[in-house]
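Below you'll find the structure, written out as structure tokens, and then a few comments.
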Amino acid sequence: MPTTRGGATDPAELAVRPGEDPWTAEEAAEARHGLEQEIAGLRAELETAEADLASLMRDSADGAGDDEADTGTKNVTREHELALAAGSRERLEQTERALRRMDAGTYGVCENCGKAIGKARMQAFPHAILCVDCKQKSERR
């Protein structure tokens, strides 16, 4: 991935597929704002999940007198919270990566084949890193 050029890229330089209109300043600003909002929400979600996990870990050490069902329930709850936190971390990483790609001028460029992903796909799925063809190929594997 190219290095950052020191700020936001000119929207007209963002990749589009043949036949698509170039990105307008408003569309690029809307995409950036959406990514920034998602990052803020995911960070808040992660803080809550981590606090919940810390509480569950404290409670699991305090299991004197619990029967097997209570212990099992606590384990299932803890595993569920761990999975939710991991999913939030993954989405946060993908969203931050999309913002870095926007700054670097590679937003909307397929990381596999180098072709344009397509503005419509990027607007629907702002952290896409593969074009539809490459995504389909990767899912078949």
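How things are named: the first chain in the structure tokens is A, the next is B, and so on; residues count from 1 in each chain; ligands count from 1 in the order shown.
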
Exercise: A:Glu27 partners within 10 Å, only C-alpha atoms, chain neighbours under 6 positions left out, as a PyMOL selection string:
chain A and resi 11+33+119+123

Can you write just those residues out, N, CA, C and O atoms, as a compact mmCIF listing (two decimals), in the first residue's frame?
```
# COMPACT_ATOMS: atom_id res chain seq x y z
N PRO A 11 -10.81 13.84 -3.76
CA PRO A 11 -11.84 12.84 -4.07
C PRO A 11 -11.82 12.39 -5.53
O PRO A 11 -12.12 11.23 -5.81
N HIS A 33 -16.72 10.65 7.05
CA HIS A 33 -17.49 10.89 8.27
C HIS A 33 -18.09 9.57 8.79
O HIS A 33 -18.07 9.30 9.99
N LYS A 119 -17.27 2.46 -6.83
CA LYS A 119 -17.79 3.44 -5.89
C LYS A 119 -19.05 2.94 -5.19
O LYS A 119 -19.19 3.08 -3.98
N GLN A 123 -19.50 2.54 -1.20
CA GLN A 123 -20.52 3.25 -0.44
C GLN A 123 -21.38 2.29 0.37
O GLN A 123 -21.81 2.61 1.46
```

Set out as a tab-separated table a contact list for stretch 9-54 of chain A and stretch 98-116 of chain A with a cut-off of 9 Å, giving each residue of stretch 9-54 of chain A that qualifies its closest atom pair and distance in Å to one decimal, counting only C-alpha atoms, ordered by chain and rising residue number.
```
residue	atom	partner	partner_atom	distance
A:Thr9	CA	A:Gly105	CA	5.5
A:Asp10	CA	A:Gly105	CA	8.1
A:Pro11	CA	A:Gly105	CA	8.8
A:Glu13	CA	A:Gly105	CA	7.0
A:Leu14	CA	A:Gly105	CA	6.1
A:Ala15	CA	A:Gly108	CA	5.3
A:Val16	CA	A:Ala116	CA	5.4
A:Arg17	CA	A:Ala116	CA	5.4
A:Pro18	CA	A:Ala116	CA	8.6
A:Ala28	CA	A:Met102	CA	8.9
A:Arg32	CA	A:Leu99	CA	6.9
A:Leu35	CA	A:Leu99	CA	6.7
A:Glu36	CA	A:Leu99	CA	7.8
```

Can you check which residues of chain A DSSP gives as alpha helix (DSSP H) on the backbone and send them as an MDAnalysis selection string?
chainID A and resid 25:61 68:104 119:124 132:140

Interatomic distance (Å, one decimal) between atom CA of A:Thr77 and atom CA of A:Met57
10.6 Å

Find the spatial neighbours of A:Ala49, counting only C-alpha atoms, within a cut-off of 9 Å - ignore same-chain residues fewer than 5 positions away - and output them as a PyMOL selection string.
chain A and resi 44+54+81-82+84-85+88

How would the residues just chosen look if you wrote them out with C-alpha atoms as a compact mmCIF listing (two decimals), in the first residue's frame?
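Below you can see out.txt, which holds the result:
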```txt
# COMPACT_ATOMS: atom_id res chain seq x y z
CA ALA A 44 -16.94 2.88 22.89
CA ALA A 54 -13.06 -7.61 33.62
CA GLU A 81 -18.26 -11.66 25.69
CA LEU A 82 -14.77 -12.61 24.45
CA LEU A 84 -18.10 -10.08 20.89
CA ALA A 85 -14.99 -8.13 21.89
CA SER A 88 -15.52 -5.45 17.62
```
